[in-house]
$ cat run-v1.cif   # mmCIF, C-alpha atoms
data_coords
#
loop_
_atom_site.label_atom_id
_atom_site.label_comp_id
_atom_site.auth_asym_id
_atom_site.auth_seq_id
_atom_site.Cartn_x
_atom_site.Cartn_y
_atom_site.Cartn_z
CA MET A 1 77.58 14.80 113.27
CA ASP A 2 77.33 16.54 109.89
CA GLU A 3 79.93 19.34 109.93
CA ASN A 4 77.87 21.58 107.66
CA LYS A 5 74.86 21.27 109.95
CA VAL A 6 77.00 22.28 112.93
CA SER A 7 78.34 25.27 110.99
CA LYS A 8 74.79 26.39 110.18
CA PHE A 9 73.77 25.95 113.83
CA ILE A 10 76.69 28.09 115.05
CA LEU A 11 76.02 30.77 112.44
CA GLU A 12 72.34 30.90 113.40
CA LEU A 13 73.35 31.19 117.04
CA ILE A 14 75.68 34.10 116.23
CA LYS A 15 72.83 35.86 114.42
CA ARG A 16 70.31 35.27 117.20
CA THR A 17 72.81 36.36 119.84
CA LYS A 18 73.42 39.56 117.91
CA MET A 19 69.67 40.16 117.66
CA LYS A 20 69.35 39.32 121.40
CA ASP A 21 66.96 36.46 120.71
CA VAL A 22 69.36 34.24 122.63
CA ILE A 23 70.51 35.63 125.97
CA TRP A 24 73.80 34.62 127.56
CA SER A 25 75.15 35.18 131.04
CA THR A 26 78.51 34.72 132.72
CA SER A 27 78.89 31.63 134.86
CA ASP A 28 81.10 30.93 137.86
CA ARG A 29 81.06 27.19 137.13
CA VAL A 30 84.59 27.00 135.83
CA PRO A 31 85.49 23.86 133.85
CA ILE A 32 88.07 21.52 135.36
CA PHE A 33 90.97 20.18 133.34
CA PRO A 34 92.48 17.19 135.13
CA ASP A 35 95.83 17.00 133.31
CA GLY A 36 98.26 19.78 132.40
CA GLY A 37 97.62 19.58 128.67
CA GLU A 38 94.84 22.14 128.75
CA ARG A 39 94.10 25.25 130.80
CA TYR A 40 91.05 27.43 131.10
CA THR A 41 91.74 31.09 130.33
CA ASP A 42 88.74 33.38 130.15
CA LEU A 43 85.13 33.93 131.18
CA VAL A 44 82.56 31.13 130.93
CA TYR A 45 79.14 31.90 129.46
CA THR A 46 75.95 29.87 129.57
CA SER A 47 72.58 30.06 127.86
CA GLU A 48 69.46 27.97 127.56
CA LEU A 49 68.35 26.79 124.14
CA ASN A 50 65.18 24.73 123.77
CA GLY A 51 65.40 23.66 127.42
CA LYS A 52 69.04 22.61 127.18
CA ILE A 53 71.93 24.39 128.85
CA PHE A 54 74.86 25.35 126.67
CA ARG A 55 78.22 26.53 127.91
CA ILE A 56 80.97 28.29 125.95
CA TYR A 57 84.46 29.17 127.13
CA LYS A 58 87.98 29.88 125.96
CA TYR A 59 90.84 27.57 126.87
CA GLN A 60 94.39 26.82 125.80
CA ILE A 61 95.81 23.53 124.63
CA LYS A 62 99.45 22.42 124.44
CA VAL A 63 100.66 21.83 120.89
CA PHE A 64 103.97 19.98 120.95
CA ARG A 65 106.82 20.81 118.57
CA ASP A 66 108.85 17.86 119.82
CA GLU A 67 109.12 15.79 122.98
CA TYR A 68 109.70 18.77 125.29
CA GLU A 69 109.00 21.92 123.31
CA TYR A 70 105.42 23.14 122.99
CA GLU A 71 103.31 26.23 122.45
CA TRP A 72 99.90 27.12 123.88
CA SER A 73 97.16 27.31 121.29
CA GLU A 74 93.88 29.08 122.05
CA ARG A 75 90.64 27.17 121.46
CA ILE A 76 86.94 27.43 122.26
CA LYS A 77 84.78 24.74 123.78
CA PHE A 78 81.05 24.76 123.23
CA GLU A 79 79.17 22.15 125.21
CA ASN A 80 75.75 20.98 126.13
CA VAL A 81 75.78 20.47 129.91
CA ASP A 82 73.32 19.11 132.48
CA SER A 83 72.08 20.99 135.57
CA LEU A 84 75.21 19.89 137.47
CA PHE A 85 77.41 21.15 134.65
CA ASN A 86 78.50 17.70 133.55
CA VAL A 87 79.23 17.64 129.83
CA VAL A 88 76.49 15.89 127.89
CA TYR A 89 77.83 16.65 124.42
CA GLU A 90 80.67 18.72 123.06
CA ILE A 91 80.07 20.49 119.75
CA PRO A 92 83.04 19.70 117.46
CA TYR A 93 85.53 22.55 117.25
CA GLN A 94 85.52 24.88 114.30
CA TYR A 95 86.82 28.40 113.96
CA SER A 96 83.37 30.08 113.89
CA LEU A 97 83.12 29.25 117.63
CA PHE A 98 85.56 32.12 118.17
CA ASN A 99 83.14 34.47 116.44
CA LEU A 100 80.31 33.10 118.58
CA TYR A 101 82.39 33.63 121.73
CA GLU A 102 83.17 37.23 120.78
CA THR A 103 79.50 37.89 119.95
CA VAL A 104 78.47 36.44 123.34
CA ARG A 105 81.12 38.52 125.11
CA GLU A 106 79.90 41.67 123.34
CA GLN A 107 76.29 40.95 124.31
CA THR A 108 76.96 40.17 127.99
CA SER A 109 79.31 43.12 128.44
CA GLY A 110 76.48 45.50 127.47
CA ILE A 111 79.08 47.71 125.81
CA GLU A 112 76.84 48.55 122.85
CA ASP A 113 74.04 49.83 125.11
CA LEU A 114 76.56 51.83 127.11
CA ILE A 115 77.96 53.47 123.97
CA ASP A 116 74.44 54.18 122.68
CA ASP A 117 73.48 55.81 126.02
CA PHE A 118 76.72 57.73 126.11
CA LEU A 119 76.22 59.11 122.60
CA LYS A 120 72.63 60.28 123.23
CA MET B 1 157.33 16.71 110.28
CA ALA B 2 156.36 20.05 108.74
CA ASN B 3 154.86 18.25 105.75
CA TRP B 4 152.70 16.14 108.00
CA LEU B 5 151.42 19.22 109.85
CA GLU B 6 150.59 20.83 106.51
CA VAL B 7 148.58 17.78 105.49
CA ILE B 8 146.69 17.72 108.82
CA GLY B 9 146.02 21.46 108.55
CA PHE B 10 144.71 21.01 105.02
CA ILE B 11 142.37 18.19 106.11
CA PHE B 12 141.03 20.39 108.93
CA SER B 13 140.43 23.26 106.50
CA VAL B 14 138.49 21.06 104.11
CA ALA B 15 136.44 19.59 106.99
CA THR B 16 135.68 23.09 108.36
CA PHE B 17 134.58 24.21 104.90
CA PHE B 18 132.01 21.41 104.68
CA VAL B 19 130.78 22.00 108.25
CA VAL B 20 130.27 25.72 107.50
CA LEU B 21 128.48 24.83 104.27
CA PHE B 22 126.17 22.47 106.18
CA VAL B 23 125.44 25.02 108.96
CA ASP B 24 124.79 27.74 106.39
CA LYS B 25 122.31 25.49 104.57
CA LYS B 26 120.53 24.82 107.87
CA ILE B 27 120.25 28.54 108.62
CA VAL B 28 118.78 29.23 105.15
CA HIS B 29 116.33 26.36 105.70
CA PHE B 30 115.35 27.71 109.12
CA ASN B 31 114.82 31.22 107.74
CA LYS B 32 112.62 29.87 104.94
CA ARG B 33 110.53 27.87 107.43
CA HIS B 34 110.16 30.84 109.75
CA LEU B 35 109.13 33.11 106.88
CA LEU B 36 106.56 30.60 105.68
CA LYS B 37 105.03 30.24 109.16
CA THR B 38 104.90 34.00 109.62
CA ARG B 39 103.21 34.51 106.26
CA ILE B 40 100.68 31.75 106.88
CA ASP B 41 99.92 33.26 110.29
CA GLU B 42 99.39 36.66 108.67
CA HIS B 43 96.97 35.17 106.14
CA ILE B 44 95.08 33.26 108.84
CA GLU B 45 94.76 36.48 110.83
CA ASP B 46 93.48 38.40 107.78
CA LEU B 47 90.94 35.68 106.98
CA LYS B 48 89.77 35.75 110.61
CA GLN B 49 89.21 39.50 110.36
CA ILE B 50 87.14 38.96 107.19
CA SER B 51 85.03 36.35 108.99
CA ILE B 52 84.43 38.75 111.92
CA LYS B 53 83.34 41.52 109.52
CA THR B 54 81.08 39.06 107.72
CA THR B 55 79.28 38.12 110.97
CA HIS B 56 78.59 41.83 111.55
CA LEU B 57 77.33 42.30 108.01
CA LEU B 58 75.05 39.26 108.19
CA THR B 59 72.90 41.04 110.77
CA ASP B 60 73.25 44.58 109.49
CA ASP B 61 71.04 45.58 106.56
CA SER B 62 72.67 48.87 105.60
CA GLN B 63 74.83 48.54 102.46
CA ARG B 64 75.17 44.88 103.29
CA LYS B 65 75.41 43.38 99.82
CA THR B 66 78.15 45.67 98.52
CA LEU B 67 80.22 45.36 101.68
CA LEU B 68 79.83 41.60 101.75
CA ARG B 69 80.99 41.40 98.16
CA ALA B 70 84.03 43.45 99.14
CA GLU B 71 84.84 40.95 101.89
CA ILE B 72 84.47 38.08 99.44
CA THR B 73 86.90 39.75 97.03
CA LYS B 74 89.36 40.31 99.89
CA SER B 75 89.19 36.66 100.90
CA GLU B 76 89.69 35.59 97.27
CA ASN B 77 92.90 37.64 97.10
CA GLN B 78 94.10 36.19 100.41
CA LEU B 79 93.48 32.67 99.21
CA LYS B 80 95.24 33.24 95.88
CA SER B 81 98.29 34.59 97.69
CA LEU B 82 98.20 31.75 100.23
CA LYS B 83 97.97 29.20 97.42
CA LYS B 84 101.23 30.52 95.96
CA ILE B 85 102.98 30.34 99.34
CA ILE B 86 101.99 26.80 100.22
CA SER B 87 102.23 25.44 96.68
CA GLY B 88 104.53 22.42 96.59
CA LYS B 89 104.62 22.15 100.39
CA VAL B 90 101.15 20.86 101.17
CA ASP B 91 98.20 19.39 99.31
CA LEU B 92 96.38 22.24 97.56
CA SER B 93 93.06 20.50 96.94
CA GLU B 94 91.31 22.08 99.97
CA THR B 95 92.55 25.57 99.03
CA LYS B 96 91.55 25.14 95.39
CA THR B 97 88.06 23.89 96.30
CA CYS B 98 87.54 26.75 98.73
CA LEU B 99 88.78 29.33 96.21
CA ARG B 100 86.53 27.91 93.49
CA LYS B 101 83.46 28.04 95.75
CA ILE B 102 84.20 31.59 96.95
CA THR B 103 84.85 32.81 93.38
CA LYS B 104 81.51 31.33 92.32
CA ILE B 105 79.66 33.12 95.13
CA GLY B 106 81.58 36.35 94.41
CA SER B 107 80.59 36.29 90.75
CA ARG B 108 76.89 36.60 91.53
CA SER B 109 75.40 39.98 90.70
CA VAL B 110 74.33 42.37 93.44
CA ASN B 111 71.59 43.87 91.28
CA VAL B 112 69.82 41.68 88.78
CA SER B 113 67.88 43.72 86.22
CA GLY B 114 67.28 43.95 82.46
CA PHE B 115 68.84 41.13 80.47
CA LYS B 116 70.11 39.37 83.58
CA LYS B 117 66.54 39.12 84.87
CA ILE B 118 65.31 37.73 81.55
CA PHE B 119 68.04 35.09 81.59
CA ASN B 120 67.17 34.24 85.19
CA VAL B 121 70.59 35.16 86.63
CA LYS B 122 70.76 34.43 90.35
CA GLU B 123 71.07 37.52 92.54
CA PHE B 124 73.54 37.64 95.43
CA ASP B 125 71.46 37.19 98.57
CA GLN B 126 71.56 36.31 102.27
CA SER B 127 71.98 32.57 101.64
CA ASP B 128 75.07 33.28 99.49
CA ALA B 129 76.56 35.39 102.27
CA GLU B 130 75.90 32.63 104.80
CA GLU B 131 77.38 30.03 102.46
CA PHE B 132 80.47 32.22 102.07
CA TYR B 133 80.82 32.54 105.85
CA ILE B 134 80.57 28.78 106.38
CA ILE B 135 83.12 28.04 103.63
CA LEU B 136 85.50 30.69 104.98
CA THR B 137 85.39 29.60 108.62
CA GLY B 138 85.70 25.97 107.53
CA TYR B 139 88.84 26.88 105.62
CA ILE B 140 90.27 28.80 108.59
CA THR B 141 89.74 25.66 110.73
CA TYR B 142 91.60 23.67 108.05
CA LEU B 143 94.50 26.17 108.07
CA GLU B 144 94.70 26.11 111.86
CA ASN B 145 94.97 22.32 111.80
CA LEU B 146 97.48 22.44 108.96
CA ARG B 147 99.65 24.86 110.90
CA LYS B 148 99.41 22.72 114.02
CA ASP B 149 100.18 19.46 112.20
CA ASN B 150 103.09 20.92 110.26
CA LEU B 151 104.62 22.95 113.05
CA ASN B 152 108.00 21.32 112.47
CA THR B 153 107.78 19.58 109.16
CA MET B 154 106.64 22.30 106.75
CA ILE B 155 109.16 22.89 103.89
#
$ encode --input "run-v1.cif" --output "structure tokens"
Amino acid sequence: MDENKVSKFILELIKRTKMKDVIWSTSDRVPIFPDGGERYTDLVYTSELNGKIFRIYKYQIKVFRDEYEYEWSERIKFENVDSLFNVVYEIPYQYSLFNLYETVREQTSGIEDLIDDFLK
Amino acid sequence: MANWLEVIGFIFSVATFFVVLFVDKKIVHFNKRHLLKTRIDEHIEDLKQISIKTTHLLTDDSQRKTLLRAEITKSENQLKSLKKIISGKVDLSETKTCLRKITKIGSRSVNVSGFKKIFNVKEFDQSDAEEFYIILTGYITYLENLRKDNLNTMI
């Protein structure tokens, strides 16, 4: 898929999430990683876009320095899933997914509304 | 007998000297590599902060243009500094292309009036800000991969 098109899609999603045109919610359908090379670390969020379910979550991946030494690197997965949460398509990773994840987290936490109410 | 011991002692001294020299060189090399990684990490972190601020500014109308331009200038400085650090260690073409594109976007005027309007100078607008964001996050992805790929081999 065209990388630039994906970047534009993610940016548009960030904007619409900020404007609350796209609504996200936390999900208890935690992704499963069969081998030890990856581990899921944080909340999972889902949303529906044009009738398709999208899921975003943070995970860590092992980056090896040599045969035995490694460090955990944080990544984001953004996937189109079916109703049983099987992955239909995974959007290729790029850094702006982190910004999308943080925007989604901010929206679902409701922290902005809380601060606005508190400051009234 | 004493002469022989002197000769053996001398050989040991010379061998120790070269071993120390070799270890010392390795320590200097390790320090350089560590410093480089730390500095690259710092730059990646700063660029990430700029991208976060840019996402906020893209949906906030108040003083947006001026603040966005400030973020573009910041990223330009980060990239120039990063270019110096990684020069000679990795291929600079990606960094140069990114810097050129960002400089071009940053040179667009916030307010186009008078002569600039007559000469049809392009005003800095939303599409420029979005273009900047996409270039910046693309470059951060490149740096993350570069760091990962060169975890042991850089320098």
$ closest_atom_pairs --input "run-v1.cif" --of "chain A" --to "chain B" --cutoff "8 Å" --atoms "all atoms listed in the file" --output "JSON lines"
{"residue": "A:Asn4", "atom": "CA", "partner": "B:Ile134", "partner_atom": "CA", "distance": 7.8}
{"residue": "A:Ser7", "atom": "CA", "partner": "B:Ile134", "partner_atom": "CA", "distance": 6.2}
{"residue": "A:Lys8", "atom": "CA", "partner": "B:Ile134", "partner_atom": "CA", "distance": 7.3}
{"residue": "A:Leu11", "atom": "CA", "partner": "B:Ile134", "partner_atom": "CA", "distance": 7.8}
{"residue": "A:Ile14", "atom": "CA", "partner": "B:Thr55", "partner_atom": "CA", "distance": 7.5}
{"residue": "A:Lys15", "atom": "CA", "partner": "B:Thr59", "partner_atom": "CA", "distance": 6.3}
{"residue": "A:Lys18", "atom": "CA", "partner": "B:Thr59", "partner_atom": "CA", "distance": 7.3}
{"residue": "A:Met19", "atom": "CA", "partner": "B:Thr59", "partner_atom": "CA", "distance": 7.7}
{"residue": "A:Val63", "atom": "CA", "partner": "B:Lys148", "partner_atom": "CA", "distance": 7.0}
{"residue": "A:Arg65", "atom": "CA", "partner": "B:Asn152", "partner_atom": "CA", "distance": 6.2}
{"residue": "A:Gln94", "atom": "CA", "partner": "B:Thr141", "partner_atom": "CA", "distance": 5.6}
{"residue": "A:Tyr95", "atom": "CA", "partner": "B:Thr141", "partner_atom": "CA", "distance": 5.1}
{"residue": "A:Ser96", "atom": "CA", "partner": "B:Thr137", "partner_atom": "CA", "distance": 5.7}
{"residue": "A:Asn99", "atom": "CA", "partner": "B:Ile52", "partner_atom": "CA", "distance": 6.4}
$ resolve_selection --input "run-v1.cif" --expression "the PyMOL selection byres ((chain A and resi 24-29) around 9)" --output "list of chain:residue names"
A:Thr17, A:Lys20, A:Val22, A:Ile23, A:Val30, A:Pro31, A:Leu43, A:Val44, A:Tyr45, A:Thr46, A:Ser47, A:Glu48, A:Arg55, A:Phe85, A:Val104, A:Arg105, A:Gln107, A:Thr108
$ atom_distance --input "run-v1.cif" --atom1 "CA of Ala129 in chain B" --atom2 "CA of Ile105 in chain B"
8.1 Å
$ residues_around --input "run-v1.cif" --residues "Lys52 in chain A" --least-positions-apart "6" --cutoff "12 Å" --atoms "all atoms listed in the file" --output "ChimeraX atom specification"
/A:46,79-83,85,87-89
$ atom_distance --input "run-v1.cif" --atom1 "CA of Leu146 in chain B" --atom2 "CA of Leu92 in chain B"
11.5 Å
$ closest_residue --input "run-v1.cif" --among "B:His29, B:Ile85, B:Trp4, B:Ile11" --to "Glu42 in chain B" --atoms "all atoms listed in the file"
B:Ile85
$ residues_around --input "run-v1.cif" --residues "Ile50 in chain B" --least-positions-apart "5" --cutoff "9 Å" --atoms "all atoms listed in the file" --output "PyMOL selection string"
chain B and resi 45+55+71-72+74-75+136
$ build_atoms --input "run-v1.cif" --residues "range 61-95 of chain A" --atoms "N, CA and C atoms" --output "mmCIF file, in the frame of the given file"
data_model
loop_
_atom_site.group_PDB
_atom_site.id
_atom_site.type_symbol
_atom_site.label_atom_id
_atom_site.label_comp_id
_atom_site.auth_asym_id
_atom_site.auth_seq_id
_atom_site.Cartn_x
_atom_site.Cartn_y
_atom_site.Cartn_z
ATOM 1 N N ILE A 61 95.383 24.919 124.741
ATOM 2 C CA ILE A 61 95.810 23.530 124.630
ATOM 3 C C ILE A 61 97.292 23.497 124.208
ATOM 4 N N LYS A 62 98.025 22.531 124.779
ATOM 5 C CA LYS A 62 99.450 22.420 124.440
ATOM 6 C C LYS A 62 99.604 21.768 123.061
ATOM 7 N N VAL A 63 100.340 22.436 122.195
ATOM 8 C CA VAL A 63 100.660 21.830 120.890
ATOM 9 C C VAL A 63 102.172 21.588 120.891
ATOM 10 N N PHE A 64 102.552 20.325 120.824
ATOM 11 C CA PHE A 64 103.970 19.980 120.950
ATOM 12 C C PHE A 64 104.727 20.117 119.627
ATOM 13 N N ARG A 65 105.916 20.729 119.720
ATOM 14 C CA ARG A 65 106.820 20.810 118.570
ATOM 15 C C ARG A 65 107.680 19.553 118.519
ATOM 16 N N ASP A 66 108.150 19.136 119.700
ATOM 17 C CA ASP A 66 108.850 17.860 119.820
ATOM 18 C C ASP A 66 108.547 17.307 121.217
ATOM 19 N N GLU A 67 109.411 16.459 121.717
ATOM 20 C CA GLU A 67 109.120 15.790 122.980
ATOM 21 C C GLU A 67 108.930 16.767 124.143
ATOM 22 N N TYR A 68 109.735 17.833 124.161
ATOM 23 C CA TYR A 68 109.700 18.770 125.290
ATOM 24 C C TYR A 68 109.164 20.147 124.932
ATOM 25 N N GLU A 69 109.382 20.571 123.700
ATOM 26 C CA GLU A 69 109.000 21.920 123.310
ATOM 27 C C GLU A 69 107.537 21.989 122.891
ATOM 28 N N TYR A 70 106.828 23.001 123.370
ATOM 29 C CA TYR A 70 105.420 23.140 122.990
ATOM 30 C C TYR A 70 105.019 24.609 122.976
ATOM 31 N N GLU A 71 103.869 24.879 122.367
ATOM 32 C CA GLU A 71 103.310 26.230 122.450
ATOM 33 C C GLU A 71 101.843 26.106 122.824
ATOM 34 N N TRP A 72 101.312 27.151 123.491
ATOM 35 C CA TRP A 72 99.900 27.120 123.880
ATOM 36 C C TRP A 72 99.044 27.643 122.735
ATOM 37 N N SER A 73 98.045 26.885 122.367
ATOM 38 C CA SER A 73 97.160 27.310 121.290
ATOM 39 C C SER A 73 95.766 27.571 121.872
ATOM 40 N N GLU A 74 95.181 28.705 121.496
ATOM 41 C CA GLU A 74 93.880 29.080 122.050
ATOM 42 C C GLU A 74 92.736 28.385 121.309
ATOM 43 N N ARG A 75 91.802 27.861 122.055
ATOM 44 C CA ARG A 75 90.640 27.170 121.460
ATOM 45 C C ARG A 75 89.370 27.574 122.200
ATOM 46 N N ILE A 76 88.240 27.186 121.635
ATOM 47 C CA ILE A 76 86.940 27.430 122.260
ATOM 48 C C ILE A 76 86.235 26.094 122.439
ATOM 49 N N LYS A 77 85.614 25.931 123.592
ATOM 50 C CA LYS A 77 84.780 24.740 123.780
ATOM 51 C C LYS A 77 83.333 25.187 123.894
ATOM 52 N N PHE A 78 82.471 24.460 123.198
ATOM 53 C CA PHE A 78 81.050 24.760 123.230
ATOM 54 C C PHE A 78 80.336 23.449 123.542
ATOM 55 N N GLU A 79 79.702 23.420 124.718
ATOM 56 C CA GLU A 79 79.170 22.150 125.210
ATOM 57 C C GLU A 79 77.729 22.249 125.659
ATOM 58 N N ASN A 80 77.070 21.133 125.538
ATOM 59 C CA ASN A 80 75.750 20.980 126.130
ATOM 60 C C ASN A 80 75.999 20.334 127.490
ATOM 61 N N VAL A 81 75.529 21.000 128.568
ATOM 62 C CA VAL A 81 75.780 20.470 129.910
ATOM 63 C C VAL A 81 74.463 20.197 130.644
ATOM 64 N N ASP A 82 74.528 19.346 131.679
ATOM 65 C CA ASP A 82 73.320 19.110 132.480
ATOM 66 C C ASP A 82 73.254 20.133 133.623
ATOM 67 N N SER A 83 72.258 19.990 134.511
ATOM 68 C CA SER A 83 72.080 20.990 135.570
ATOM 69 C C SER A 83 73.248 21.016 136.562
ATOM 70 N N LEU A 84 74.030 19.920 136.590
ATOM 71 C CA LEU A 84 75.210 19.890 137.470
ATOM 72 C C LEU A 84 76.495 20.253 136.716
ATOM 73 N N PHE A 85 76.306 20.719 135.521
ATOM 74 C CA PHE A 85 77.410 21.150 134.650
ATOM 75 C C PHE A 85 78.336 20.005 134.215
ATOM 76 N N ASN A 86 77.775 18.818 134.165
ATOM 77 C CA ASN A 86 78.500 17.700 133.550
ATOM 78 C C ASN A 86 78.301 17.805 132.042
ATOM 79 N N VAL A 87 79.333 17.501 131.293
ATOM 80 C CA VAL A 87 79.230 17.640 129.830
ATOM 81 C C VAL A 87 78.396 16.507 129.248
ATOM 82 N N VAL A 88 77.337 16.886 128.552
ATOM 83 C CA VAL A 88 76.490 15.890 127.890
ATOM 84 C C VAL A 88 77.006 15.653 126.471
ATOM 85 N N TYR A 89 77.306 16.764 125.787
ATOM 86 C CA TYR A 89 77.830 16.650 124.420
ATOM 87 C C TYR A 89 78.700 17.861 124.099
ATOM 88 N N GLU A 90 79.805 17.609 123.462
ATOM 89 C CA GLU A 90 80.670 18.720 123.060
ATOM 90 C C GLU A 90 80.546 18.940 121.555
ATOM 91 N N ILE A 91 80.179 20.168 121.187
ATOM 92 C CA ILE A 91 80.070 20.490 119.750
ATOM 93 C C ILE A 91 81.482 20.474 119.167
ATOM 94 N N PRO A 92 81.690 19.754 118.040
ATOM 95 C CA PRO A 92 83.040 19.700 117.460
ATOM 96 C C PRO A 92 83.596 21.086 117.177
ATOM 97 N N TYR A 93 84.894 21.238 117.429
ATOM 98 C CA TYR A 93 85.530 22.550 117.250
ATOM 99 C C TYR A 93 85.550 22.978 115.791
ATOM 100 N N GLN A 94 85.255 24.241 115.585
ATOM 101 C CA GLN A 94 85.520 24.880 114.300
ATOM 102 C C GLN A 94 85.710 26.363 114.560
ATOM 103 N N TYR A 95 86.404 27.039 113.664
ATOM 104 C CA TYR A 95 86.820 28.400 113.960
ATOM 105 C C TYR A 95 85.656 29.336 114.288
#
